[in-house]
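Enquirer: Provided below: coords-v7.pdb, containing PDB, C-alpha atoms.
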```
MODEL        1
ATOM      1  CA  MET A   1     -14.200  -1.233  11.387
ATOM      2  CA  ALA A   2     -10.613  -2.412  11.851
ATOM      3  CA  ARG A   3     -11.389  -4.298  15.053
ATOM      4  CA  TYR A   4     -14.009  -6.443  13.283
ATOM      5  CA  ILE A   5     -11.757  -7.700  10.493
ATOM      6  CA  ARG A   6      -9.613 -10.685  11.362
ATOM      7  CA  PRO A   7      -7.774 -13.159   9.134
ATOM      8  CA  GLU A   8      -9.577 -16.467   8.823
ATOM      9  CA  PRO A   9      -8.821 -19.727   7.015
ATOM     10  CA  PRO A  10      -7.478 -20.187   4.354
ATOM     11  CA  PHE A  11      -5.474 -17.056   5.189
ATOM     12  CA  THR A  12      -4.055 -18.461   8.426
ATOM     13  CA  LEU A  13      -1.806 -21.380   9.345
ATOM     14  CA  ASP A  14      -2.424 -23.830  12.169
ATOM     15  CA  ARG A  15      -0.123 -23.197  15.147
ATOM     16  CA  VAL A  16       1.850 -20.529  13.254
ATOM     17  CA  GLU A  17       2.039 -16.916  14.363
ATOM     18  CA  MET A  18       2.494 -14.488  11.464
ATOM     19  CA  THR A  19       5.022 -11.716  12.123
ATOM     20  CA  GLN A  20       3.205  -8.375  12.369
ATOM     21  CA  HIS A  21       4.561  -5.247  10.686
ATOM     22  CA  PRO A  22       5.481  -2.192  12.834
ATOM     23  CA  ALA A  23       2.580   0.074  13.857
ATOM     24  CA  ARG A  24       4.152   3.102  12.153
ATOM     25  CA  THR A  25       3.331   1.355   8.864
ATOM     26  CA  VAL A  26      -0.227   2.627   9.260
ATOM     27  CA  ARG A  27       1.031   6.225   9.328
ATOM     28  CA  VAL A  28       3.150   5.668   6.214
ATOM     29  CA  HIS A  29       0.199   4.238   4.296
ATOM     30  CA  ARG A  30      -2.077   7.056   5.447
ATOM     31  CA  ILE A  31       0.450   9.645   4.235
ATOM     32  CA  ALA A  32       0.839   7.814   0.921
ATOM     33  CA  ALA A  33      -2.950   7.628   0.520
ATOM     34  CA  ALA A  34      -3.289  11.350   1.284
ATOM     35  CA  LEU A  35      -0.620  12.231  -1.292
ATOM     36  CA  GLN A  36      -2.192   9.945  -3.863
ATOM     37  CA  ILE A  37      -5.690  11.353  -3.332
ATOM     38  CA  LEU A  38      -4.385  14.928  -3.296
ATOM     39  CA  GLY A  39      -2.401  14.426  -6.502
ATOM     40  CA  MET A  40      -5.259  12.749  -8.346
ATOM     41  CA  SER A  41      -7.713  15.392  -7.122
ATOM     42  CA  ALA A  42      -5.410  18.195  -8.281
ATOM     43  CA  LEU A  43      -4.990  16.585 -11.699
ATOM     44  CA  ILE A  44      -8.693  15.905 -12.161
ATOM     45  CA  GLY A  45      -9.621  19.331 -10.745
ATOM     46  CA  ALA A  46      -7.244  21.212 -13.034
ATOM     47  CA  THR A  47      -8.424  19.283 -16.076
ATOM     48  CA  ALA A  48     -12.087  19.758 -15.156
ATOM     49  CA  ALA A  49     -11.618  23.483 -14.408
ATOM     50  CA  THR A  50      -9.823  24.121 -17.680
ATOM     51  CA  GLY A  51     -12.258  22.132 -19.796
ATOM     52  CA  THR A  52     -15.441  23.432 -18.207
ATOM     53  CA  THR A  53     -14.208  27.034 -18.221
ATOM     54  CA  LEU A  54     -13.502  26.723 -21.929
ATOM     55  CA  ILE A  55     -16.936  25.201 -22.592
ATOM     56  CA  HIS A  56     -18.665  27.813 -20.366
ATOM     57  CA  THR A  57     -16.791  30.654 -22.070
ATOM     58  CA  LEU A  58     -17.671  29.424 -25.554
ATOM     59  CA  SER A  59     -21.310  28.653 -24.760
ATOM     60  CA  SER A  60     -22.086  31.854 -22.778
ATOM     61  CA  LYS A  61     -19.918  34.170 -24.883
ATOM     62  CA  ALA A  62     -18.397  35.642 -21.718
ATOM     63  CA  GLN A  63     -16.367  38.791 -22.291
ATOM     64  CA  THR A  64     -14.610  39.368 -18.973
ATOM     65  CA  TRP A  65     -12.573  37.137 -16.689
ATOM     66  CA  HIS A  66     -15.168  37.499 -13.921
ATOM     67  CA  GLU A  67     -17.895  36.189 -16.210
ATOM     68  CA  MET A  68     -15.708  33.225 -17.217
ATOM     69  CA  VAL A  69     -15.130  32.010 -13.668
ATOM     70  CA  SER A  70     -18.439  33.025 -12.054
ATOM     71  CA  TRP A  71     -19.584  29.393 -11.830
ATOM     72  CA  TRP A  72     -16.408  28.219 -10.003
ATOM     73  CA  ARG A  73     -17.588  28.777  -6.407
ATOM     74  CA  PRO A  74     -19.908  25.718  -6.202
ATOM     75  CA  ALA A  75     -17.486  23.640  -8.269
ATOM     76  CA  LEU A  76     -14.582  24.455  -5.917
ATOM     77  CA  ALA A  77     -16.640  23.351  -2.915
ATOM     78  CA  PHE A  78     -17.232  20.039  -4.677
ATOM     79  CA  LEU A  79     -13.530  19.673  -5.598
ATOM     80  CA  VAL A  80     -12.534  20.220  -1.954
ATOM     81  CA  LEU A  81     -15.203  17.913  -0.545
ATOM     82  CA  VAL A  82     -14.437  14.874  -2.754
ATOM     83  CA  PRO A  83     -10.797  14.351  -1.566
ATOM     84  CA  VAL A  84     -11.839  14.812   2.072
ATOM     85  CA  VAL A  85     -14.567  12.168   1.737
ATOM     86  CA  LEU A  86     -12.228   9.769  -0.095
ATOM     87  CA  TYR A  87      -9.534  10.137   2.570
ATOM     88  CA  ALA A  88     -12.018   9.654   5.413
ATOM     89  CA  TRP A  89     -13.214   6.467   3.712
ATOM     90  CA  ARG A  90      -9.611   5.177   3.396
ATOM     91  CA  TRP A  91      -8.555   6.117   6.966
ATOM     92  CA  ASP A  92      -9.977   3.095   8.796
ATOM     93  CA  ARG A  93      -9.394   0.665   5.930
ATOM     94  CA  ILE A  94      -5.667   1.341   6.075
ATOM     95  CA  LYS A  95      -5.587   0.235   9.733
ATOM     96  CA  ALA A  96      -7.663  -2.868   8.914
ATOM     97  CA  GLY A  97      -5.324  -3.727   6.046
ATOM     98  CA  TRP A  98      -2.335  -3.445   8.388
ATOM     99  CA  LEU A  99      -3.915  -5.930  10.814
ATOM    100  CA  PHE A 100      -4.223  -8.450   7.984
ATOM    101  CA  ARG A 101      -0.613  -8.263   6.724
ATOM    102  CA  GLY A 102       2.111 -10.575   7.933
ATOM    103  CA  TYR A 103       4.830 -13.059   7.035
ATOM    104  CA  HIS A 104       6.371 -16.227   8.439
ATOM    105  CA  LEU A 105       9.605 -18.054   7.666
ATOM    106  CA  GLY A 106       8.699 -21.747   7.745
ATOM    107  CA  ASP A 107      10.980 -24.764   7.474
ATOM    108  CA  GLU A 108      10.705 -25.082   3.692
ATOM    109  CA  GLU A 109       8.563 -22.108   2.610
ATOM    110  CA  LEU A 110       8.004 -18.421   3.142
ATOM    111  CA  TYR A 111       4.391 -17.440   3.902
ATOM    112  CA  ILE A 112       3.190 -13.917   3.038
ATOM    113  CA  ARG A 113      -0.307 -12.665   3.843
ATOM    114  CA  SER A 114      -1.683  -9.357   2.529
ATOM    115  CA  GLY A 115      -4.773  -7.584   1.238
ATOM    116  CA  LEU A 116      -8.026  -6.416   2.725
ATOM    117  CA  LEU A 117     -10.606  -6.565  -0.031
ATOM    118  CA  TYR A 118      -8.598  -8.865  -2.288
ATOM    119  CA  ARG A 119      -6.868 -11.135   0.177
ATOM    120  CA  ARG A 120      -3.728 -12.968  -0.797
ATOM    121  CA  PHE A 121      -1.842 -15.747   0.947
ATOM    122  CA  THR A 122       1.414 -16.642  -0.823
ATOM    123  CA  VAL A 123       3.500 -19.732  -0.135
ATOM    124  CA  LEU A 124       6.948 -19.408  -1.687
ATOM    125  CA  ALA A 125       9.389 -22.328  -1.610
ATOM    126  CA  TYR A 126      12.928 -21.295  -0.698
ATOM    127  CA  ALA A 127      14.317 -23.413  -3.553
ATOM    128  CA  ARG A 128      12.434 -21.211  -6.053
ATOM    129  CA  ILE A 129      13.775 -17.868  -4.829
ATOM    130  CA  GLN A 130      16.023 -16.247  -7.433
ATOM    131  CA  GLU A 131      16.656 -12.760  -6.060
ATOM    132  CA  VAL A 132      16.069 -10.850  -2.807
ATOM    133  CA  ASN A 133      16.326  -7.041  -2.619
ATOM    134  CA  VAL A 134      15.782  -4.412   0.056
ATOM    135  CA  VAL A 135      14.285  -1.104  -1.104
ATOM    136  CA  SER A 136      13.094   1.977   0.755
ATOM    137  CA  GLY A 137      11.186   4.965  -0.638
ATOM    138  CA  PRO A 138      11.358   8.529   0.699
ATOM    139  CA  ILE A 139       8.348   8.195   3.027
ATOM    140  CA  GLN A 140       9.581   4.813   4.224
ATOM    141  CA  ARG A 141      13.033   6.268   4.976
ATOM    142  CA  ARG A 142      11.419   9.107   6.944
ATOM    143  CA  TYR A 143       9.659   6.555   9.161
ATOM    144  CA  ASP A 144      12.584   4.100   9.261
ATOM    145  CA  LEU A 145      10.978   1.312   7.184
ATOM    146  CA  ALA A 146      12.044  -0.835   4.241
ATOM    147  CA  THR A 147      10.546  -3.386   1.829
ATOM    148  CA  VAL A 148      12.020  -6.789   1.030
ATOM    149  CA  THR A 149      11.247  -7.811  -2.577
ATOM    150  CA  ILE A 150      11.556 -11.465  -3.512
ATOM    151  CA  SER A 151      11.788 -12.593  -7.130
ATOM    152  CA  SER A 152      11.049 -16.094  -8.335
ATOM    153  CA  ALA A 153      10.095 -17.669 -11.640
ATOM    154  CA  ALA A 154       6.446 -17.157 -10.718
ATOM    155  CA  GLY A 155       6.833 -13.389 -10.224
ATOM    156  CA  HIS A 156       7.614 -10.872  -7.531
ATOM    157  CA  ASN A 157       6.479 -10.836  -3.921
ATOM    158  CA  ALA A 158       7.167  -8.304  -1.192
ATOM    159  CA  ILE A 159       7.324  -8.093   2.551
ATOM    160  CA  ALA A 160       6.542  -4.405   2.822
ATOM    161  CA  ASP A 161       7.223  -1.973   5.632
ATOM    162  CA  VAL A 162       9.525  -3.736   8.067
ATOM    163  CA  ASP A 163      12.353  -2.251  10.102
ATOM    164  CA  PRO A 164      15.530  -1.811   8.002
ATOM    165  CA  GLN A 165      17.508  -4.076  10.326
ATOM    166  CA  THR A 166      14.802  -6.745  10.033
ATOM    167  CA  ALA A 167      14.778  -6.258   6.250
ATOM    168  CA  TYR A 168      18.523  -6.873   5.988
ATOM    169  CA  GLU A 169      18.277  -9.891   8.279
ATOM    170  CA  LEU A 170      15.399 -11.251   6.171
ATOM    171  CA  ARG A 171      17.416 -10.691   2.989
ATOM    172  CA  ASP A 172      20.418 -12.537   4.386
ATOM    173  CA  ARG A 173      18.298 -15.352   5.846
ATOM    174  CA  LEU A 174      16.255 -15.803   2.634
ATOM    175  CA  THR A 175      19.321 -15.853   0.391
ATOM    176  CA  ASP A 176      21.007 -18.352   2.729
ATOM    177  CA  LEU A 177      17.909 -20.591   2.793
ATOM    178  CA  ALA A 178      17.518 -20.323  -0.987
ATOM    179  CA  ARG A 179      21.169 -21.246  -1.513
ATOM    180  CA  LYS A 180      20.867 -24.300   0.769
ATOM    181  CA  ARG A 181      17.589 -25.530  -0.758
ATOM    182  CA  ARG A 182      18.445 -24.842  -4.390
ATOM    183  CA  LEU A 183      18.270 -27.888  -6.606
ATOM    184  CA  PRO A 184      21.572 -28.915  -8.261
ATOM    185  CA  VAL A 185      21.747 -27.978 -11.910
TER     186      VAL A 185
ENDMDL
END
```
Please lay out the structure from this file as structure tokens.

Expert:
Amino acid sequence: MARYIRPEPPFTLDRVEMTQHPARTVRVHRIAAALQILGMSALIGATAATGTTLIHTLSSKAQTWHEMVSWWRPALAFLVLVPVVLYAWRWDRIKAGWLFRGYHLGDEELYIRSGLLYRRFTVLAYARIQEVNVVSGPIQRRYDLATVTISSAAGHNAIADVDPQTAYELRDRLTDLARKRRLPV
């Protein structure tokens, strides 16, 4: 699926090449998706197991532990199958989403492109930038990646999953450009 999805207008710029994120970004997002699906499945599974065991115990008047959990075998197969199917569905979409992400430092604006289902193309004037930060989570640090967050009056934007050296260079370049373009108060 990933090879069939390409950015098209209005999510592209004429004669401008968007900077692509490192390929290891795909691995980071796949790990994050696996942890998210696993955590949500464990939470939903534990809640469902507790609630349905209580209802089954009260409705069947089970006396022993074996009678209380006798219905669990088919339910456990379902609880194992759902996360596997969800992760398989996300696997290729993560790669397609990576192909669509990018950024470009223009003469007067920063262009950020992201999203797969809900596509977003942000144009941020350097004069409007108020704050630029570099952050890196534990999975990002493991794979030597960082995120540049940009704050403006309109909200927050991010250039996610770039090399740390590139992130620091982007931070310095964006703050320098913002300082030069800032309107006098």

Enquirer: Running the PyMOL selection byres ((chain A and resi 105) around 10) on this model by hand, what would come out? Give it as a list in words.

Expert: Val16, Met18, Thr19, Tyr103, His104, Gly106, Asp107, Glu108, Glu109, Leu110, Tyr111, Ile112, Leu124, Tyr126, Leu170, Arg173, Leu174 and Leu177 of chain A

Enquirer: Translate the PyMOL selection byres ((chain A and resi 158) around 6) into a concrete residue list for this structure, as an mmCIF file with C-alpha atoms, in the coordinates of the input.

Expert:
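Generated output (out.cif):
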```
data_model
loop_
_atom_site.group_PDB
_atom_site.id
_atom_site.type_symbol
_atom_site.label_atom_id
_atom_site.label_comp_id
_atom_site.auth_asym_id
_atom_site.auth_seq_id
_atom_site.Cartn_x
_atom_site.Cartn_y
_atom_site.Cartn_z
ATOM 1 C CA VAL A 148 12.020 -6.789 1.030
ATOM 2 C CA THR A 149 11.247 -7.811 -2.577
ATOM 3 C CA ILE A 150 11.556 -11.465 -3.512
ATOM 4 C CA ASN A 157 6.479 -10.836 -3.921
ATOM 5 C CA ILE A 159 7.324 -8.093 2.551
ATOM 6 C CA ALA A 160 6.542 -4.405 2.822
#
```

Enquirer: Between CA of Arg93 (chain A) and CA of Phe121 (chain A), what is the distance, to one decimal in Å?

Expert: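 Taking CA of Arg93 (chain A) and CA of Phe121 (chain A), their separation equals 18.7 Å.
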
Enquirer: Please compute the CA of Arg24 (chain A)-CA of Trp98 (chain A) distance, one decimal, in Å.

Expert: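 According to the coordinates, CA of Arg24 (chain A) and CA of Trp98 (chain A) are separated by 10.0 Å.
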
Enquirer: Of the residues A:Ser114, A:Thr25, A:Thr64, A:Thr50, which is the one nearest to Asp144 (chain A), using all atoms listed in the file?

Expert: A:Thr25

Enquirer: As an exercise, work out the distance from CA of Asp92 (chain A) to CA of Gly115 (chain A) in Å and give it to one decimal place.

Expert: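 Between CA of Asp92 (chain A) and CA of Gly115 (chain A) the gap is 14.1 Å.
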
Enquirer: In terms of the shortest atom-to-atom distance over all atoms listed in the file, which of A:Arg119, A:Leu38, A:Asp163, A:Ser60 is closest to Gln140 (chain A)?

Expert: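 Going through A:Arg119, A:Leu38, A:Asp163, A:Ser60 one by one, the smallest distance to Gln140 (chain A) is for A:Asp163.
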
Enquirer: Could you write out as JSON, numbers by chain the residues that the PyMOL selection byres ((chain A and resi 77-83) around 12) matches in the shown file?

Expert: {"A": [33, 34, 35, 36, 37, 38, 39, 40, 41, 42, 43, 44, 45, 46, 47, 48, 49, 71, 72, 73, 74, 75, 76, 84, 85, 86, 87, 88, 89, 90]}

Enquirer: Quick one: residues within 10 Å of Arg182 (chain A), all atoms listed in the file, excluding same-chain residues fewer than 5 positions away - as a ChimeraX atom specification?

Expert: /A:125-130,176-177

Enquirer: Nearest residue to Ile31 (chain A) out of A:Val123, A:Thr53, A:Ala178, A:Tyr143, using only C-alpha atoms?

Expert: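 Residue with the minimum atom-to-atom distance to Ile31 (chain A): A:Tyr143.
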
Enquirer: Which one of A:Arg113, A:Arg171, A:Ile94, A:Gly102 sits closest to Glu131 (chain A) if you count only C-alpha atoms?

Expert: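 The shortest atom-to-atom distance to Glu131 (chain A) comes from A:Arg171.
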
Enquirer: Please give the centre and size of the box around region 78-90 of chain A (axis-aligned, containing every atom listed in the file, 6 Å added per side), with values in Å to one decimal and written as AutoDock Vina command-line options.

Expert:
```
--center_x -13.4 --center_y 12.7 --center_z -0.1 --size_x 19.7 --size_y 27.0 --size_z 23.0
```
